[in-house]
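> Pasting a structure below so you can have a look.
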Amino acid sequence: MPFISIGGGFTIGNNFEGELPQKGNTYQFSNNLTKIMGNHTTKFGVDYRNQRFLQTLFFDVNGDFTYSGGGSNDPIALDANGNQNLFPNYLLGLPDSYLQGSAQTEDIRGNSIYLFAQDSWKIRHNVTLNYGLRWELNTPLKDIGKRVQTFRPGQNTSIFPCQLSAESQALLGTSDCTSVFPTGLVVPGDNGVPAGMTQTYYKAFAPRLGIAWDPKGDGKTSIRAGWGLFYNPIEQLVLEQFSAEPPFGVSIFLSNTLFNTPFVTQSRGVNPNGANGILDPKRGSLVDWSVYRPILLFGEFQPHMRSQYSAQYNLTIQHELARDLQLQLSYVGSQGHRLLATRDINAANPQTCLDIIAIQGDGACGQFAEDNAYSVTVPGGFNFHLPNGSTVAGTGQTLNFVGLRPYSSPNCQTDGTNCPSDGVPVFSNIFAQDTIANSNYNSLQASLEKRFSHGLQAQLAYTWSKSIDQASSFEDILNPFDPRRSRGLSLYDARHRFVVSYYWEPPIPKYSGFSGKALNGWAISGITQFQAGFPIHIQSYDDQELTSSIDFSSAGVPDLVAPYRRLDPRKNLDNLGFDPSSFAPSALGTFGNSPRSVCCGPGLDNWDVSLQKNTGINERFRTEFRVDFFNVANHTKFFNPDGNITDGSDFGRVKRAADPRLVQLALKLFF
């Protein structure tokens, strides 16, 4: 006799993510049908979700100064050990860079629909096969106010035409917008730019397959295996990267400015400043695009992004060694594909800067100078590298650049035509987030579980694993010229992890009366963890690469000049976690040969213990008293050492540690 059940539901909840204040709603409707017939159990289902996030975001509204050294404003040179003393820079008010943002309100919405069908087939009394298929449709999240933007090389926005103000015309000496127009910056509604700024991906099919086998049919041993594809939509947090950028706000990155007047350069040039509260220009209105230069763009979804997914697989053997004692051995792995990561699609061409130095001498170009203006006379026989990657043969001609990036000033010609007359480029960095990264994880997992009996319950678990990726989150920035060079140990990789958890009620005889209330109801529980350290993120922020590709992190790395050597921070006066002399700055204009991450930082040795006492007062009331000891052995739990070579003497040093031993007492009354 077949059995059919239908279930459905409707839920409304609040989500709080992003910056304050914001409100979010998720409307979810799901329905499934289950049919049982013979040796088969078949399920069909649909899940529909409507999401909304109303949020006001604040991005660096007060400005952000950075002192990293290596720029043209260093008062003193490097010392004999190659370290940079940045205190004079700070005291004299000479920052290396200044970042200015603003605020914006967004109303983000999206829809998702998931269809699935699965079947469980009991092939034999001891063999069960599970198989199924899901189809997932996640429409790109969109701002219904269309206050977002993206970058499409060579395309002009038709939604916000340009008109220079009287002040800008006086500054630039022209009423023509061509030189300062942000060709490439487009908004939803422009030709080929949908509301979600990227395509809707319709091919997210996710098959699943699993099998369970009881070899002896006695219920004491089971062998299980499974494989499946799992898709992951882009989360709402990513959309925050698009907020408050021109013409809906400012996002400006300036180099070698002054502390008191950050929009004034050390050469007395004045950069425009378009910051003016929360901006909400009406579509079709005229915009003075010149006031937003140099425009720094974050996010910038690419037109043909695909859904992130992973292939996950496992093989597990479970065996009951004795009553209430079970052993499990597993191989667990996953391969991540099309993962979201950040790359700079407007990284400067380092060879252009090196060519300028070769022609005009040291100091003509250098770190953090990618957004300056240059005029170069190229001698005969010299092959000069242009910012777009092409070369021109020198004939004594003069080439003009306002910025050394491929899209610094998109309409600027090398003969000076349509170049910003004030020397301020249109664009600086353009950080695109794209589904181009990959990862892989493989592990051996073992556990021994003692189910509760005779007052004792315990579990021992050990994992030996390795995880490799190009980016451990979308905030990791890839090498802009060769993303494969960013591949390395995942920043969350933990090679070995051993955990013991237990709960024990001591075998104290049961007493009655006052003695029972004092002596009965005691229990001890705890968790003990031993874990290998996490990889150390090696970075360089001094722009030796001459690309200025620095976002949440830096794409630059130093050279590894000697074998990497770990140190115990307890056994040296500088609290070093590794030998910093193994690294050195890369040659000017090159990325270092160091891997993005090296293994590993300090490990974990932690014991948490809890003592509990339950006391029954009468039939209605009982109390629970407990004392929790966190890190009861008081082992120092060091954080990872500093992996930024630009930090001078702090490079390689462990500067922080987690909490020492903590004790917590609690008393609860239950009634």
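Simple scheme: letters A, B, ... for chains in structure tokens order, numbers from 1 for residues in each chain, numbers from 1 for ligands in the order shown.
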Pick out each residue of range 188-221 of chain A that DSSP on the backbone tags as strand (DSSP E or B); I need them as a list of chain:residue names.

A:Pro188, A:Asp190, A:Phe205, A:Ala206, A:Pro207, A:Arg208, A:Leu209, A:Gly210, A:Ile211, A:Ala212, A:Trp213, A:Thr221

> For the residues in that selection, give me C-alpha atoms as a compact mmCIF listing (two decimals), in the first residue's frame.


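Result file again.txt:
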```
# COMPACT_ATOMS: atom_id res chain seq x y z
CA PRO A 188 22.03 48.94 -14.11
CA ASP A 190 22.97 50.70 -19.33
CA PHE A 205 22.28 21.02 -11.39
CA ALA A 206 23.42 19.12 -8.31
CA PRO A 207 23.34 15.31 -8.46
CA ARG A 208 23.77 13.28 -5.25
CA LEU A 209 24.69 9.63 -4.79
CA GLY A 210 25.13 7.56 -1.62
CA ILE A 211 25.27 3.94 -0.57
CA ALA A 212 25.12 2.19 2.80
CA TRP A 213 26.15 -1.44 3.27
CA THR A 221 29.41 -2.78 10.90
```

> Can you pull out the residues contacting Phe621 in chain A? Cut-off 8 Å, using only C-alpha atoms, and skip same-chain residues under 4 positions away; I want them as a count of residues only.

5

> Write out, as a Markdown table, each residue of range 472-539 of chain A that has an atom at most 12 Å from range 645-655 of chain A, together with the closest pair of atoms and their distance in Å to one decimal, counting only C-alpha atoms, rows going by chain and rising number.


```
| residue | atom | partner | partner_atom | distance |
| --- | --- | --- | --- | --- |
| A:Ile536 | CA | A:Gly652 | CA | 9.5 |
| A:His537 | CA | A:Ile645 | CA | 10.6 |
| A:Ile538 | CA | A:Ile645 | CA | 7.6 |
| A:Gln539 | CA | A:Ile645 | CA | 6.4 |
```

> For Arg596 in chain A, which of A:Ile468, A:Ala494, A:Ile295, A:Ile527 is the closest residue, counting only C-alpha atoms?

A:Ile468

> Using only C-alpha atoms, pick whichever of A:Leu315, A:Ala195, A:Val187, A:Ala369 has the shortest atom-to-atom distance to Gly284 in chain A.

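Nearest candidate to Gly284 in chain A out of A:Leu315, A:Ala195, A:Val187, A:Ala369: A:Val187.
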
> I'd like the interatomic distance between CA of Ala532 in chain A and CA of Tyr331 in chain A, to a tenth of an Å.

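A separation of 19.4 Å between them.
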
> What lies within 7 Å of Glu300 in chain A using only C-alpha atoms, ignoring chain neighbours under 2 positions off, as JSON, numbers by chain?

{"A": [150, 151, 298, 302, 431, 432, 433]}

> Grab the CA of Phe116 in chain A to CA of Thr128 in chain A distance for me, in Å with one decimal place.

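These two atoms are separated by 19.6 Å.
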
> Mind checking which residues fall within 12 Å of Leu258 in chain A, counting only C-alpha atoms, ignoring those fewer than 2 positions away in the same chain, and posting them as a PyMOL selection string?

chain A and resi 65-67+73+89-98+254-256+260-271

> Within 10 Å of Leu354 in chain A, counting only C-alpha atoms, which residues qualify if same-chain residues fewer than 5 places away don't, as a list in words?

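What passes the distance filter is Asn349, Ile359, Gln360, Gly361, Asp362, Ala364, Cys365, Gly366, Phe384, His385, Leu546, Leu588 and Gly589 of chain A.
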
> Take the residues just selected and output them with N, CA and C atoms as a short mmCIF file (atom, residue, chain, number, x, y, z; two decimals), in the first residue's frame.


```cif
data_model
loop_
_atom_site.label_atom_id
_atom_site.label_comp_id
_atom_site.auth_asym_id
_atom_site.auth_seq_id
_atom_site.Cartn_x
_atom_site.Cartn_y
_atom_site.Cartn_z
N ASN A 349 50.96 48.63 -14.71
CA ASN A 349 51.97 47.84 -15.41
C ASN A 349 53.34 48.19 -14.84
N ILE A 359 64.80 55.57 -18.42
CA ILE A 359 64.99 56.73 -19.29
C ILE A 359 65.31 57.99 -18.50
N GLN A 360 64.60 58.21 -17.39
CA GLN A 360 64.71 59.48 -16.68
C GLN A 360 65.52 59.40 -15.38
N GLY A 361 65.88 58.17 -14.96
CA GLY A 361 66.70 58.03 -13.78
C GLY A 361 65.91 57.70 -12.53
N ASP A 362 66.64 57.31 -11.46
CA ASP A 362 66.00 56.97 -10.19
C ASP A 362 65.20 58.16 -9.66
N ALA A 364 62.28 59.03 -10.77
CA ALA A 364 61.29 59.47 -11.75
C ALA A 364 59.98 58.72 -11.59
N CYS A 365 60.06 57.51 -11.06
CA CYS A 365 58.88 56.69 -10.82
C CYS A 365 59.22 55.76 -9.66
N GLY A 366 58.22 55.18 -9.03
CA GLY A 366 58.50 54.29 -7.91
C GLY A 366 57.24 53.84 -7.22
N PHE A 384 59.44 50.75 -25.44
CA PHE A 384 58.76 51.25 -24.26
C PHE A 384 57.46 50.47 -24.06
N HIS A 385 57.23 50.04 -22.80
CA HIS A 385 56.03 49.27 -22.46
C HIS A 385 54.93 50.21 -22.01
N LEU A 546 55.08 47.58 -7.78
CA LEU A 546 54.71 48.72 -8.61
C LEU A 546 53.33 48.53 -9.25
N LEU A 588 62.52 45.53 -7.33
CA LEU A 588 61.54 46.54 -7.72
C LEU A 588 60.86 46.13 -9.03
N GLY A 589 59.53 46.18 -9.01
CA GLY A 589 58.77 45.85 -10.20
C GLY A 589 58.47 44.38 -10.37
#
```

> Quick one: residues within 12 Å of Gly192 in chain A, only C-alpha atoms counted, chain neighbours fewer than 4 positions away excluded, as JSON, numbers by chain?

{"A": [150, 151, 152, 155, 156, 157, 158, 186, 187, 188, 196, 197, 198, 199, 302, 303, 304]}

> Ranking A:Trp522, A:Tyr502, A:Tyr48, A:Phe481 by minimum distance to Thr590 in chain A and counting only C-alpha atoms, which one comes first?

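Among A:Trp522, A:Tyr502, A:Tyr48, A:Phe481, it is A:Phe481 that comes nearest to Thr590 in chain A.
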
> Just list as a PyMOL selection string whatever in range 126-209 of chain A DSSP marks as alpha helix (DSSP H).

chain A and resi 166-172

> What separation in Å, quoted to one decimal, exists between CA of Tyr564 in chain A and CA of Ser586 in chain A?

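For CA of Tyr564 in chain A relative to CA of Ser586 in chain A, the distance reads 16.2 Å.
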
> If we count only C-alpha atoms and set the cut-off at 10 Å, which residues sit around Lys510 in chain A, ignoring sequence neighbours fewer than 2 positions away in its own chain? Please answer as a ChimeraX atom specification.

/A:507-508,512,515-517,519-521

> May I have the selected residues written with all heavy atoms, as a PDB file, in the first residue's frame?


```
ATOM      1  N   PRO A 507      30.878   7.381  40.556  1.00  0.00           N
ATOM      2  CA  PRO A 507      30.026   6.331  41.172  1.00  0.00           C
ATOM      3  C   PRO A 507      29.904   6.502  42.680  1.00  0.00           C
ATOM      4  O   PRO A 507      30.384   5.673  43.465  1.00  0.00           O
ATOM      5  CB  PRO A 507      30.754   5.050  40.796  1.00  0.00           C
ATOM      6  CG  PRO A 507      32.200   5.455  40.689  1.00  0.00           C
ATOM      7  CD  PRO A 507      32.187   6.850  40.123  1.00  0.00           C
ATOM      8  N   ILE A 508      29.281   7.598  43.076  1.00  0.00           N
ATOM      9  CA  ILE A 508      29.063   7.860  44.498  1.00  0.00           C
ATOM     10  C   ILE A 508      27.770   7.175  44.926  1.00  0.00           C
ATOM     11  O   ILE A 508      26.750   7.304  44.250  1.00  0.00           O
ATOM     12  CB  ILE A 508      28.977   9.373  44.769  1.00  0.00           C
ATOM     13  CG1 ILE A 508      30.281  10.066  44.336  1.00  0.00           C
ATOM     14  CG2 ILE A 508      28.679   9.663  46.234  1.00  0.00           C
ATOM     15  CD1 ILE A 508      30.229  11.570  44.438  1.00  0.00           C
ATOM     16  N   SER A 512      20.306   9.614  51.005  1.00  0.00           N
ATOM     17  CA  SER A 512      19.042  10.315  51.184  1.00  0.00           C
ATOM     18  C   SER A 512      19.228  11.429  52.205  1.00  0.00           C
ATOM     19  O   SER A 512      20.265  11.527  52.860  1.00  0.00           O
ATOM     20  CB  SER A 512      17.949   9.337  51.651  1.00  0.00           C
ATOM     21  OG  SER A 512      18.305   8.741  52.892  1.00  0.00           O
ATOM     22  N   SER A 515      22.508  14.310  53.472  1.00  0.00           N
ATOM     23  CA  SER A 515      23.710  13.724  52.868  1.00  0.00           C
ATOM     24  C   SER A 515      23.525  13.552  51.362  1.00  0.00           C
ATOM     25  O   SER A 515      24.438  13.796  50.559  1.00  0.00           O
ATOM     26  CB  SER A 515      24.021  12.371  53.519  1.00  0.00           C
ATOM     27  OG  SER A 515      24.296  12.529  54.891  1.00  0.00           O
ATOM     28  N   GLY A 516      22.336  13.146  50.932  1.00  0.00           N
ATOM     29  CA  GLY A 516      22.081  12.976  49.510  1.00  0.00           C
ATOM     30  C   GLY A 516      22.152  14.290  48.762  1.00  0.00           C
ATOM     31  O   GLY A 516      22.688  14.367  47.656  1.00  0.00           O
ATOM     32  N   LYS A 517      21.592  15.351  49.383  1.00  0.00           N
ATOM     33  CA  LYS A 517      21.623  16.649  48.703  1.00  0.00           C
ATOM     34  C   LYS A 517      23.047  17.181  48.598  1.00  0.00           C
ATOM     35  O   LYS A 517      23.384  17.921  47.675  1.00  0.00           O
ATOM     36  CB  LYS A 517      20.730  17.644  49.434  1.00  0.00           C
ATOM     37  CG  LYS A 517      19.254  17.257  49.425  1.00  0.00           C
ATOM     38  CD  LYS A 517      18.390  18.332  50.030  1.00  0.00           C
ATOM     39  CE  LYS A 517      16.923  17.896  50.091  1.00  0.00           C
ATOM     40  NZ  LYS A 517      16.396  17.516  48.782  1.00  0.00           N
ATOM     41  N   LEU A 519      25.985  15.123  48.616  1.00  0.00           N
ATOM     42  CA  LEU A 519      26.936  14.214  47.964  1.00  0.00           C
ATOM     43  C   LEU A 519      26.480  13.714  46.605  1.00  0.00           C
ATOM     44  O   LEU A 519      27.320  13.330  45.774  1.00  0.00           O
ATOM     45  CB  LEU A 519      27.197  13.008  48.886  1.00  0.00           C
ATOM     46  CG  LEU A 519      27.795  13.331  50.261  1.00  0.00           C
ATOM     47  CD1 LEU A 519      27.921  12.060  51.088  1.00  0.00           C
ATOM     48  CD2 LEU A 519      29.159  14.007  50.098  1.00  0.00           C
ATOM     49  N   ASN A 520      25.194  13.706  46.337  1.00  0.00           N
ATOM     50  CA  ASN A 520      24.708  13.187  45.058  1.00  0.00           C
ATOM     51  C   ASN A 520      24.602  14.301  44.012  1.00  0.00           C
ATOM     52  O   ASN A 520      24.543  15.489  44.340  1.00  0.00           O
ATOM     53  CB  ASN A 520      23.337  12.525  45.235  1.00  0.00           C
ATOM     54  CG  ASN A 520      23.409  11.297  46.107  1.00  0.00           C
ATOM     55  OD1 ASN A 520      24.450  10.655  46.214  1.00  0.00           O
ATOM     56  ND2 ASN A 520      22.298  10.979  46.777  1.00  0.00           N
ATOM     57  N   GLY A 521      24.557  13.893  42.739  1.00  0.00           N
ATOM     58  CA  GLY A 521      24.326  14.839  41.644  1.00  0.00           C
ATOM     59  C   GLY A 521      25.564  15.520  41.105  1.00  0.00           C
ATOM     60  O   GLY A 521      25.460  16.480  40.340  1.00  0.00           O
TER      61      GLY A 521
END
```

> Can I get the residues of range 153-200 of chain A within 10 Å of range 415-423 of chain A, each with the closest pair of atoms and their distance in Å to one decimal, using only C-alpha atoms, sorted chain first then ascending number, as a Markdown table?


```
| residue | atom | partner | partner_atom | distance |
| --- | --- | --- | --- | --- |
| A:Leu171 | CA | A:Asp422 | CA | 7.3 |
| A:Leu172 | CA | A:Ser421 | CA | 5.6 |
| A:Gly173 | CA | A:Ser421 | CA | 7.7 |
| A:Thr174 | CA | A:Ser421 | CA | 9.1 |
| A:Asp176 | CA | A:Asn418 | CA | 9.2 |
| A:Cys177 | CA | A:Asn418 | CA | 9.0 |
| A:Thr178 | CA | A:Asn418 | CA | 6.2 |
| A:Ser179 | CA | A:Asn418 | CA | 4.4 |
| A:Val180 | CA | A:Pro420 | CA | 6.0 |
| A:Phe181 | CA | A:Pro420 | CA | 9.6 |
```

> Could you save the residues just selected, with C-alpha atoms, as a JSON list (two decimals), in the first residue's frame?


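After the write, out.json holds the following:
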```json
[["chain", "number", "residue", "atom", "x", "y", "z"],
["A", 171, "LEU", "CA", 40.30, 73.98, -13.01],
["A", 172, "LEU", "CA", 40.51, 71.92, -16.20],
["A", 173, "GLY", "CA", 40.42, 74.83, -18.64],
["A", 174, "THR", "CA", 37.66, 73.25, -20.72],
["A", 176, "ASP", "CA", 34.56, 69.18, -22.53],
["A", 177, "CYS", "CA", 34.04, 66.12, -20.29],
["A", 178, "THR", "CA", 35.94, 63.68, -22.51],
["A", 179, "SER", "CA", 39.22, 63.73, -20.56],
["A", 180, "VAL", "CA", 37.57, 63.08, -17.18],
["A", 181, "PHE", "CA", 34.65, 60.88, -18.24]]
```

> Could you check which of A:Thr139, A:Asn346, A:Ser307, A:Ser610 is closest to Asn111 in chain A, using only C-alpha atoms?

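Distance minimum relative to Asn111 in chain A lands on A:Thr139.
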
> Identify which of the residues A:Leu399, A:Val392, A:Ile430, A:Ala437 lies closest to His337 in chain A, counting only C-alpha atoms when measuring atom-to-atom distances.

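Ranking A:Leu399, A:Val392, A:Ile430, A:Ala437 by distance to His337 in chain A, first place goes to A:Ala437.
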
> Counting only C-alpha atoms, figure out which residue out of A:Tyr313, A:Phe242, A:Tyr202, A:Phe583 gets nearest to Asn644 in chain A.

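Among the listed residues, the smallest separation from Asn644 in chain A belongs to A:Phe583.
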